[in-house]
>>> print(open('query38.cif').read())   # mmCIF, C-alpha atoms
data_entry
loop_
_atom_site.label_atom_id
_atom_site.label_comp_id
_atom_site.auth_asym_id
_atom_site.auth_seq_id
_atom_site.Cartn_x
_atom_site.Cartn_y
_atom_site.Cartn_z
CA MET A 26 -151.61 52.40 -17.66
CA ASN A 27 -151.58 51.54 -21.33
CA ARG A 28 -154.47 53.11 -23.18
CA ARG A 29 -154.82 49.94 -25.23
CA THR A 30 -155.85 47.74 -22.34
CA VAL A 31 -159.40 46.73 -21.56
CA LEU A 32 -160.32 47.21 -17.91
CA PRO A 33 -161.08 43.97 -16.04
CA GLU A 34 -164.73 43.17 -15.41
CA GLY A 35 -166.00 44.86 -12.27
CA SER A 36 -163.48 47.73 -12.35
CA LEU A 37 -166.24 50.30 -12.44
CA ASP A 38 -169.32 50.48 -10.25
CA ALA A 39 -172.66 52.08 -11.13
CA THR A 40 -171.57 55.44 -9.73
CA ASP A 41 -168.41 55.45 -11.85
CA ARG A 42 -170.52 54.74 -14.93
CA ALA A 43 -172.97 57.48 -14.05
CA ILE A 44 -170.06 59.92 -13.70
CA LEU A 45 -168.61 58.94 -17.07
CA ASN A 46 -171.98 59.24 -18.76
CA ALA A 47 -172.84 62.59 -17.18
CA LEU A 48 -169.51 64.36 -17.53
CA GLN A 49 -169.03 63.55 -21.23
CA ASP A 50 -171.53 66.26 -22.02
CA GLY A 51 -170.05 69.09 -20.02
CA PHE A 52 -168.70 70.45 -16.80
CA PRO A 53 -169.57 73.80 -15.17
CA LEU A 54 -167.46 76.93 -15.41
CA SER A 55 -168.24 78.11 -11.91
CA PRO A 56 -166.37 78.59 -8.61
CA ARG A 57 -167.30 75.18 -7.16
CA PRO A 58 -167.88 73.06 -10.28
CA PHE A 59 -167.32 69.68 -8.65
CA ASP A 60 -169.99 70.37 -6.03
CA GLU A 61 -172.33 71.48 -8.78
CA ALA A 62 -171.66 68.48 -11.03
CA ALA A 63 -171.81 66.04 -8.12
CA GLU A 64 -175.22 67.06 -6.87
CA PRO A 65 -177.42 65.47 -9.57
CA LEU A 66 -175.35 62.30 -9.15
CA GLY A 67 -176.16 62.22 -5.44
CA LEU A 68 -172.52 62.72 -4.51
CA ALA A 69 -170.49 65.26 -2.60
CA GLY A 70 -167.93 67.28 -4.55
CA ALA A 71 -165.05 65.63 -2.70
CA GLU A 72 -166.26 62.17 -3.66
CA LEU A 73 -166.58 63.17 -7.33
CA ILE A 74 -162.99 64.45 -7.23
CA ALA A 75 -161.76 61.22 -5.64
CA ARG A 76 -163.58 59.09 -8.20
CA LEU A 77 -162.31 61.14 -11.15
CA ALA A 78 -158.77 60.73 -9.82
CA ARG A 79 -159.28 56.98 -9.62
CA LEU A 80 -160.88 56.74 -13.07
CA ARG A 81 -157.82 58.48 -14.49
CA GLU A 82 -155.51 56.27 -12.44
CA VAL A 83 -157.01 53.03 -13.77
CA GLY A 84 -157.13 54.37 -17.32
CA ALA A 85 -160.92 54.63 -17.69
CA THR A 86 -160.55 58.22 -18.88
CA THR A 87 -158.01 59.79 -21.19
CA ARG A 88 -158.66 63.40 -20.31
CA PHE A 89 -160.72 65.66 -18.12
CA GLY A 90 -160.83 69.36 -18.90
CA PRO A 91 -161.32 71.79 -21.76
CA PHE A 92 -161.28 70.46 -25.33
CA PHE A 93 -159.85 73.01 -27.72
CA ASP A 94 -160.66 73.58 -31.36
CA ALA A 95 -157.27 73.98 -32.95
CA ALA A 96 -158.72 75.56 -36.08
CA ALA A 97 -160.36 78.27 -33.97
CA MET A 98 -156.94 79.01 -32.50
CA GLY A 99 -155.37 79.56 -35.91
CA GLY A 100 -154.05 76.13 -36.87
CA ALA A 101 -154.96 74.16 -39.97
CA PHE A 102 -155.69 70.46 -40.36
CA CYS A 103 -156.24 68.13 -43.27
CA LEU A 104 -156.90 64.43 -43.62
CA CYS A 105 -154.79 63.00 -46.45
CA ALA A 106 -154.54 59.60 -48.11
CA MET A 107 -152.15 57.81 -50.42
CA ALA A 108 -152.17 54.58 -52.39
CA VAL A 109 -148.76 53.15 -51.53
CA PRO A 110 -147.39 50.08 -53.33
CA GLU A 111 -146.85 47.34 -50.72
CA ALA A 112 -143.20 46.91 -51.67
CA ASP A 113 -142.47 50.58 -50.93
CA PHE A 114 -144.66 50.85 -47.88
CA GLU A 115 -142.01 51.02 -45.15
CA ALA A 116 -139.87 53.49 -47.08
CA VAL A 117 -142.88 55.74 -47.64
CA VAL A 118 -143.85 55.53 -43.95
CA THR A 119 -140.39 56.78 -43.05
CA LYS A 120 -140.58 59.68 -45.51
CA VAL A 121 -144.09 60.73 -44.50
CA ASN A 122 -143.54 60.43 -40.75
CA ALA A 123 -140.32 62.47 -40.97
CA HIS A 124 -142.53 65.55 -41.38
CA ASP A 125 -143.40 67.11 -38.01
CA GLU A 126 -146.62 68.28 -39.64
CA VAL A 127 -147.84 64.66 -39.79
CA ALA A 128 -149.80 64.34 -36.55
CA HIS A 129 -151.03 60.80 -36.97
CA ASN A 130 -150.79 58.18 -39.61
CA TYR A 131 -152.70 54.91 -39.97
CA ALA A 132 -152.38 51.97 -42.31
CA ARG A 133 -155.85 50.96 -43.53
CA ASP A 134 -157.19 48.02 -45.51
CA HIS A 135 -158.04 49.77 -48.78
CA ALA A 136 -156.37 50.70 -52.06
CA LEU A 137 -155.82 54.02 -50.33
CA ASN A 138 -153.79 52.29 -47.65
CA MET A 139 -152.14 55.18 -45.84
CA TRP A 140 -154.19 57.85 -44.04
CA PHE A 141 -152.59 60.68 -42.17
CA VAL A 142 -153.49 64.04 -40.69
CA LEU A 143 -151.47 67.16 -41.40
CA ALA A 144 -151.47 69.86 -38.72
CA THR A 145 -149.83 73.17 -39.56
CA ASP A 146 -149.76 76.76 -38.34
CA THR A 147 -151.36 78.10 -41.50
CA PRO A 148 -153.56 76.80 -44.34
CA GLU A 149 -150.63 77.31 -46.75
CA GLY A 150 -148.57 74.91 -44.64
CA ILE A 151 -150.97 72.10 -45.55
CA ASP A 152 -150.48 72.51 -49.31
CA ARG A 153 -146.74 72.97 -48.93
CA THR A 154 -146.31 69.81 -46.84
CA ALA A 155 -148.52 67.74 -49.14
CA ALA A 156 -146.49 68.93 -52.14
CA GLU A 157 -143.22 68.02 -50.38
CA ILE A 158 -144.52 64.54 -49.63
CA GLU A 159 -145.57 64.10 -53.25
CA ARG A 160 -142.14 65.17 -54.44
CA GLU A 161 -140.30 62.93 -51.98
CA THR A 162 -142.40 59.83 -52.60
CA GLY A 163 -143.48 60.28 -56.21
CA LEU A 164 -147.02 59.40 -55.08
CA GLU A 165 -150.17 61.46 -55.23
CA VAL A 166 -151.47 62.83 -51.92
CA LEU A 167 -155.27 63.02 -51.92
CA MET A 168 -156.56 65.70 -49.62
CA PHE A 169 -159.81 65.49 -47.69
CA PRO A 170 -160.24 68.73 -45.77
CA LYS A 171 -163.34 68.84 -43.62
CA LEU A 172 -166.16 70.80 -45.24
CA GLU A 173 -168.60 70.37 -42.40
CA GLU A 174 -168.35 68.73 -39.01
CA PHE A 175 -171.15 67.01 -37.18
CA PHE A 176 -169.86 67.33 -33.69
CA ILE A 177 -172.19 65.96 -31.14
CA GLY A 178 -169.66 64.37 -28.88
CA PHE A 179 -168.93 60.76 -28.25
CA ARG A 180 -171.25 59.24 -25.70
CA VAL A 181 -169.86 55.94 -24.63
CA GLN A 182 -172.51 54.07 -22.72
CA ALA A 183 -170.21 53.36 -19.81
CA MET B 13 -158.72 63.33 -34.55
CA ASN B 14 -159.46 65.26 -31.54
CA GLU B 15 -159.06 68.40 -30.65
CA VAL B 16 -156.16 69.35 -28.45
CA ALA B 17 -154.21 71.89 -30.33
CA ASP B 18 -150.95 71.83 -32.06
CA ARG B 19 -149.01 74.88 -33.18
CA VAL B 20 -149.07 78.52 -32.40
CA PRO B 21 -152.52 80.00 -31.93
CA GLU B 22 -151.86 83.47 -33.20
CA THR B 23 -155.47 84.45 -32.76
CA LEU B 24 -155.27 84.10 -28.98
CA ASP B 25 -154.08 86.94 -26.80
CA PRO B 26 -151.19 86.12 -24.45
CA VAL B 27 -153.39 85.59 -21.38
CA ASP B 28 -155.82 83.25 -23.16
CA ARG B 29 -152.87 81.42 -24.53
CA ARG B 30 -151.45 80.88 -21.03
CA ILE B 31 -154.81 79.55 -19.89
CA VAL B 32 -154.84 77.12 -22.84
CA THR B 33 -151.32 75.97 -22.06
CA ALA B 34 -152.11 75.56 -18.35
CA THR B 35 -155.26 73.51 -18.93
CA GLN B 36 -154.50 71.41 -21.99
CA ALA B 37 -153.34 68.51 -19.87
CA GLY B 38 -156.58 68.77 -17.87
CA LEU B 39 -158.28 70.63 -15.05
CA PRO B 40 -156.76 70.31 -11.56
CA LEU B 41 -158.81 67.96 -9.37
CA VAL B 42 -159.37 70.42 -6.52
CA PRO B 43 -162.65 71.90 -5.26
CA ALA B 44 -162.02 75.31 -6.90
CA PRO B 45 -160.05 74.45 -10.06
CA TYR B 46 -160.45 77.84 -11.75
CA ALA B 47 -159.11 79.62 -8.67
CA GLU B 48 -156.18 77.18 -8.71
CA ILE B 49 -155.44 77.94 -12.38
CA GLY B 50 -155.62 81.64 -11.45
CA ARG B 51 -153.01 81.08 -8.75
CA TRP B 52 -150.67 79.47 -11.29
CA LEU B 53 -151.05 82.37 -13.69
CA GLY B 54 -151.48 85.37 -11.39
CA LEU B 55 -155.15 85.85 -12.33
CA THR B 56 -158.28 85.98 -10.22
CA GLU B 57 -160.77 83.13 -10.33
CA ALA B 58 -163.31 85.50 -11.91
CA GLU B 59 -160.86 86.40 -14.69
CA VAL B 60 -160.13 82.75 -15.47
CA ILE B 61 -163.84 81.90 -15.60
CA ALA B 62 -164.68 84.96 -17.72
CA ARG B 63 -161.90 84.25 -20.20
CA MET B 64 -162.80 80.57 -20.47
CA GLU B 65 -166.45 81.50 -20.98
CA ALA B 66 -165.43 83.87 -23.76
CA MET B 67 -163.25 81.21 -25.39
CA GLN B 68 -166.16 78.78 -25.20
CA ALA B 69 -168.44 81.36 -26.84
CA ARG B 70 -165.91 81.84 -29.66
CA GLY B 71 -165.55 78.10 -30.15
CA VAL B 72 -161.91 77.94 -29.05
CA ILE B 73 -163.08 75.73 -26.18
CA ARG B 74 -165.59 73.26 -27.57
CA ARG B 75 -166.59 71.92 -24.22
CA ILE B 76 -165.24 71.08 -20.80
CA ALA B 77 -165.77 67.40 -20.20
CA VAL B 78 -164.38 64.01 -19.39
CA ALA B 79 -163.12 61.85 -22.26
CA PRO B 80 -163.69 58.17 -21.54
CA ASN B 81 -161.05 55.79 -22.80
CA HIS B 82 -163.35 53.85 -25.08
CA TYR B 83 -160.80 51.12 -25.54
CA ALA B 84 -160.51 50.55 -21.78
CA LEU B 85 -164.31 50.45 -21.59
CA GLY B 86 -164.40 47.57 -24.06
CA MET B 87 -164.96 49.44 -27.33
CA THR B 88 -161.94 47.84 -28.93
CA ALA B 89 -163.13 47.73 -32.54
CA ASN B 90 -163.49 50.76 -34.77
CA GLY B 91 -163.79 51.38 -38.45
CA MET B 92 -163.85 54.46 -40.66
CA SER B 93 -167.15 54.17 -42.50
CA VAL B 94 -167.46 56.23 -45.67
CA TRP B 95 -170.57 57.03 -47.68
CA ASP B 96 -171.44 58.53 -51.05
CA VAL B 97 -174.42 60.66 -50.04
CA ASP B 98 -176.55 62.85 -52.29
CA ASP B 99 -175.11 66.36 -51.89
CA ALA B 100 -178.49 67.99 -51.42
CA ARG B 101 -179.23 65.80 -48.40
CA ALA B 102 -175.74 65.23 -47.04
CA SER B 103 -175.76 68.00 -44.47
CA ALA B 104 -179.05 67.02 -42.86
CA LEU B 105 -178.19 63.32 -42.91
CA GLY B 106 -174.69 63.96 -41.57
CA GLN B 107 -176.26 65.69 -38.60
CA ARG B 108 -178.29 62.55 -37.84
CA VAL B 109 -175.37 60.18 -38.32
CA GLY B 110 -173.17 62.36 -36.10
CA ALA B 111 -175.79 62.17 -33.36
CA LEU B 112 -175.66 58.35 -33.18
CA PRO B 113 -174.11 57.33 -29.85
CA TYR B 114 -171.46 55.04 -31.39
CA VAL B 115 -170.26 57.57 -33.98
CA THR B 116 -167.29 59.91 -33.59
CA HIS B 117 -165.51 62.13 -36.06
CA CYS B 118 -168.37 62.63 -38.46
CA TYR B 119 -167.47 64.94 -41.34
CA LEU B 120 -168.40 65.97 -44.86
CA ARG B 121 -165.29 65.96 -47.05
CA PRO B 122 -164.69 66.40 -50.78
CA ARG B 123 -164.83 63.34 -53.03
CA ALA B 124 -161.79 62.33 -55.09
CA ARG B 125 -163.34 60.55 -58.04
CA PRO B 126 -162.87 58.09 -59.57
CA MET B 127 -160.94 56.46 -56.77
CA TRP B 128 -162.96 57.92 -53.95
CA PRO B 129 -166.68 58.63 -54.42
CA TYR B 130 -167.39 59.10 -50.70
CA ASN B 131 -168.24 62.43 -49.07
CA LEU B 132 -169.46 61.48 -45.58
CA PHE B 133 -167.00 60.00 -43.08
CA ALA B 134 -168.08 58.54 -39.75
CA MET B 135 -165.94 56.58 -37.32
CA LEU B 136 -167.92 53.66 -35.89
CA HIS B 137 -167.03 52.10 -32.53
CA GLY B 138 -168.00 48.78 -31.00
CA SER B 139 -166.76 45.99 -28.80
CA THR B 140 -166.25 43.62 -31.76
CA ARG B 141 -165.85 43.83 -35.54
CA GLU B 142 -169.29 42.18 -35.85
CA GLU B 143 -170.84 44.90 -33.71
CA VAL B 144 -169.23 47.58 -35.87
CA GLU B 145 -170.61 45.86 -39.00
CA ALA B 146 -174.09 45.77 -37.45
CA LYS B 147 -173.87 49.48 -36.72
CA ARG B 148 -172.77 50.07 -40.28
CA GLN B 149 -176.02 48.42 -41.40
CA ASP B 150 -177.95 50.78 -39.12
CA VAL B 151 -176.24 53.80 -40.67
CA ALA B 152 -176.99 52.41 -44.15
CA ALA B 153 -180.66 52.11 -43.19
CA LEU B 154 -180.68 55.67 -41.90
CA LEU B 155 -179.16 57.00 -45.13
CA GLY B 156 -181.48 54.91 -47.28
CA ASP B 157 -181.70 55.84 -50.96
CA ALA B 158 -179.66 59.02 -50.40
CA CYS B 159 -176.56 56.80 -50.32
CA ALA B 160 -175.22 55.40 -53.60
CA ALA B 161 -172.21 53.48 -52.25
CA SER B 162 -170.31 52.88 -49.05
CA ASP B 163 -167.24 51.22 -47.63
CA ILE B 164 -165.53 50.77 -44.29
CA LEU B 165 -161.81 50.98 -43.66
CA TYR B 166 -160.27 49.30 -40.64
CA SER B 167 -156.92 50.41 -39.39
CA THR B 168 -154.34 47.67 -39.64
CA ARG B 169 -151.52 49.54 -37.96
CA ILE B 170 -150.81 52.84 -36.20
CA LEU B 171 -147.86 54.30 -38.10
CA LYS B 172 -147.58 57.50 -36.08
CA LYS B 173 -149.48 59.02 -33.23
CA THR B 174 -148.15 62.16 -31.63
CA GLY B 175 -149.61 63.75 -28.56
CA LEU B 176 -150.74 67.01 -30.09
CA ARG B 177 -149.70 69.81 -27.84
CA LEU B 178 -149.81 73.55 -28.03
CA ARG B 179 -146.32 74.91 -27.76
CA ASP B 180 -145.80 77.17 -24.81
CA GLY B 181 -145.55 80.80 -25.79
CA ASP B 182 -142.54 81.63 -27.88
#
>>> encode(input="query38.cif", output="structure tokens")
Amino acid sequence: MNRRTVLPEGSLDATDRAILNALQDGFPLSPRPFDEAAEPLGLAGAELIARLARLREVGATTRFGPFFDAAAMGGAFCLCAMAVPEADFEAVVTKVNAHDEVAHNYARDHALNMWFVLATDTPEGIDRTAAEIERETGLEVLMFPKLEEFFIGFRVQA
Amino acid sequence: MNEVADRVPETLDPVDRRIVTATQAGLPLVPAPYAEIGRWLGLTEAEVIARMEAMQARGVIRRIAVAPNHYALGMTANGMSVWDVDDARASALGQRVGALPYVTHCYLRPRARPMWPYNLFAMLHGSTREEVEAKRQDVAALLGDACAASDILYSTRILKKTGLRLRDGD
């Protein structure tokens, strides 16, 4: 199912919503984690498994499992932005996206109209890639590395 | 941006790395998922749990959880709100903004004056553009006189979006 589709009204019942709300915060690392997580929801482990399978099937979830911190594993990331003249926009998109290090790239409604994330093996890879993009496009790449993260988790009120 | 890794994690030992590779698409939906992962990798359930606990303690695993598809759940509007917040108060205020239930990806970043005076970035989510704008007003109220200027950038087009994946051991 396409991630960019809104579920029809009535796709989720109260139990589905309770599962989504509860399991956004965490899931046990124990031998029978589904039984453990199901209990406060008034469910059996097998029913929680069946519902999680269905929630994935209908596209209500994008992922269930461990979330990794790439930086803690040795990678480097940096948010970057450029002010691209409208006339050159498509050509610059092609040049920027040709770099494997560009993980995602969004057009935004601002003078800085192109925002992309660089992901590299090493911190030096960030500077090198940004410099290559500047050379290829003749445009300045502004770099916005994260200085501090306020990571509380995204609690959708499902 | 979230979280699943790209690139070679040289700081992981080979066994941790195999656990990361085996679980980055998700946990198996079976009653004893860690025993199942152990079967795939030739490890005991206790080893898998102990190694994942250690990775969680080191911050390699941030959490084990479900990620709702906020778009599917009706949160179809989002904007990157940006704020010029007094440096002395930015860290404490960022903490409070990041804790708001409709905020994701809340970071302090360097300014790039004169073009870019903003140091606090917070992605705001809502079911409509109007709802996002209302939430922006709430954040502005929270920041109060610590904030000198703000803006919000809506994405007009996705130009590239790769599924970030850790390469299998090479």
>>> closest_atom_pairs(input="query38.cif", of="chain A", to="chain B", cutoff="7 Å", atoms="all atoms listed in the file", output="Markdown table")
| residue | atom | partner | partner_atom | distance |
| --- | --- | --- | --- | --- |
| A:Arg28 | CA | B:Ala84 | CA | 6.7 |
| A:Arg29 | CA | B:Tyr83 | CA | 6.1 |
| A:Thr30 | CA | B:Ala84 | CA | 5.5 |
| A:Val31 | CA | B:Ala84 | CA | 4.0 |
| A:Leu32 | CA | B:Ala84 | CA | 5.1 |
| A:Leu45 | CA | B:Pro80 | CA | 6.7 |
| A:Leu48 | CA | B:Val78 | CA | 5.5 |
| A:Gln49 | CA | B:Val78 | CA | 5.0 |
| A:Asp50 | CA | B:Ala77 | CA | 6.1 |
| A:Gly51 | CA | B:Ala77 | CA | 4.6 |
| A:Phe52 | CA | B:Ile76 | CA | 5.3 |
| A:Leu54 | CA | B:Ile61 | CA | 6.2 |
| A:Ser55 | CA | B:Ile61 | CA | 6.9 |
| A:Pro56 | CA | B:Ala44 | CA | 5.7 |
| A:Arg57 | CA | B:Ala44 | CA | 5.3 |
| A:Phe59 | CA | B:Pro43 | CA | 6.2 |
| A:Ile74 | CA | B:Leu41 | CA | 5.9 |
| A:Gly84 | CA | B:Ala84 | CA | 6.8 |
| A:Ala85 | CA | B:Asn81 | CA | 5.2 |
| A:Thr86 | CA | B:Pro80 | CA | 4.1 |
| A:Thr87 | CA | B:Asn81 | CA | 5.3 |
| A:Arg88 | CA | B:Ala79 | CA | 5.1 |
| A:Phe89 | CA | B:Val78 | CA | 4.2 |
| A:Gly90 | CA | B:Gly38 | CA | 4.4 |
| A:Pro91 | CA | B:Ile76 | CA | 4.1 |
| A:Phe92 | CA | B:Arg74 | CA | 5.6 |
| A:Phe93 | CA | B:Ile73 | CA | 4.5 |
| A:Asp94 | CA | B:Val72 | CA | 5.1 |
| A:Ala95 | CA | B:Ala17 | CA | 4.5 |
| A:Ala97 | CA | B:Val72 | CA | 5.2 |
| A:Met98 | CA | B:Pro21 | CA | 4.6 |
| A:Gly99 | CA | B:Pro21 | CA | 4.9 |
| A:Gly100 | CA | B:Arg19 | CA | 6.4 |
| A:Asn122 | CA | B:Lys172 | CA | 6.8 |
| A:Ala128 | CA | B:Thr174 | CA | 5.6 |
| A:His129 | CA | B:Lys173 | CA | 4.4 |
| A:Asn130 | CA | B:Lys172 | CA | 4.8 |
| A:Tyr131 | CA | B:Ile170 | CA | 4.7 |
| A:Ala132 | CA | B:Arg169 | CA | 5.1 |
| A:Arg133 | CA | B:Ser167 | CA | 4.3 |
| A:Asp134 | CA | B:Leu165 | CA | 5.8 |
| A:His135 | CA | B:Leu165 | CA | 6.5 |
| A:Ala144 | CA | B:Asp18 | CA | 7.0 |
| A:Thr145 | CA | B:Arg19 | CA | 6.7 |
| A:Asp146 | CA | B:Arg19 | CA | 5.5 |
| A:Phe169 | CA | B:Arg121 | CA | 5.5 |
| A:Pro170 | CA | B:Arg121 | CA | 5.9 |
| A:Lys171 | CA | B:Arg121 | CA | 4.9 |
| A:Leu172 | CA | B:Arg121 | CA | 5.2 |
| A:Glu173 | CA | B:Leu120 | CA | 5.0 |
| A:Glu174 | CA | B:Tyr119 | CA | 4.5 |
| A:Phe175 | CA | B:Gly110 | CA | 5.2 |
| A:Phe176 | CA | B:Gly110 | CA | 6.4 |
| A:Ile177 | CA | B:Ala111 | CA | 5.7 |
| A:Gly178 | CA | B:Thr116 | CA | 6.9 |
| A:Phe179 | CA | B:Thr116 | CA | 5.7 |
| A:Arg180 | CA | B:Pro113 | CA | 5.4 |
| A:Val181 | CA | B:His82 | CA | 6.9 |
| A:Ala183 | CA | B:Leu85 | CA | 6.8 |
>>> atom_distance(input="query38.cif", atom1="CA of Trp95 in chain B", atom2="CA of Cys105 in chain A")
16.9 Å
>>> atom_distance(input="query38.cif", atom1="CA of Met135 in chain B", atom2="CA of Gln149 in chain B")
13.6 Å
>>> atom_distance(input="query38.cif", atom1="CA of Phe102 in chain A", atom2="CA of Ile158 in chain A")
15.7 Å
>>> resolve_selection(input="query38.cif", expression="the PyMOL selection byres ((chain A and resi 162) around 12)", output="list in words")
Met107, Ala108, Val109, Pro110, Asp113, Phe114, Glu115, Ala116, Val117, Val118, Thr119, Lys120, Val121, Asn122, Ala155, Ala156, Glu157, Ile158, Glu159, Arg160, Glu161, Gly163, Leu164, Glu165 and Val166 of chain A
>>> axis_aligned_box(input="query38.cif", around="range 66-79 of chain B", padding_each_side="3 Å", output="lines of an AutoDock Vina configuration file")
center_x = -165.2
center_y = 72.9
center_z = -24.8
size_x = 12.5
size_y = 28.0
size_z = 16.8
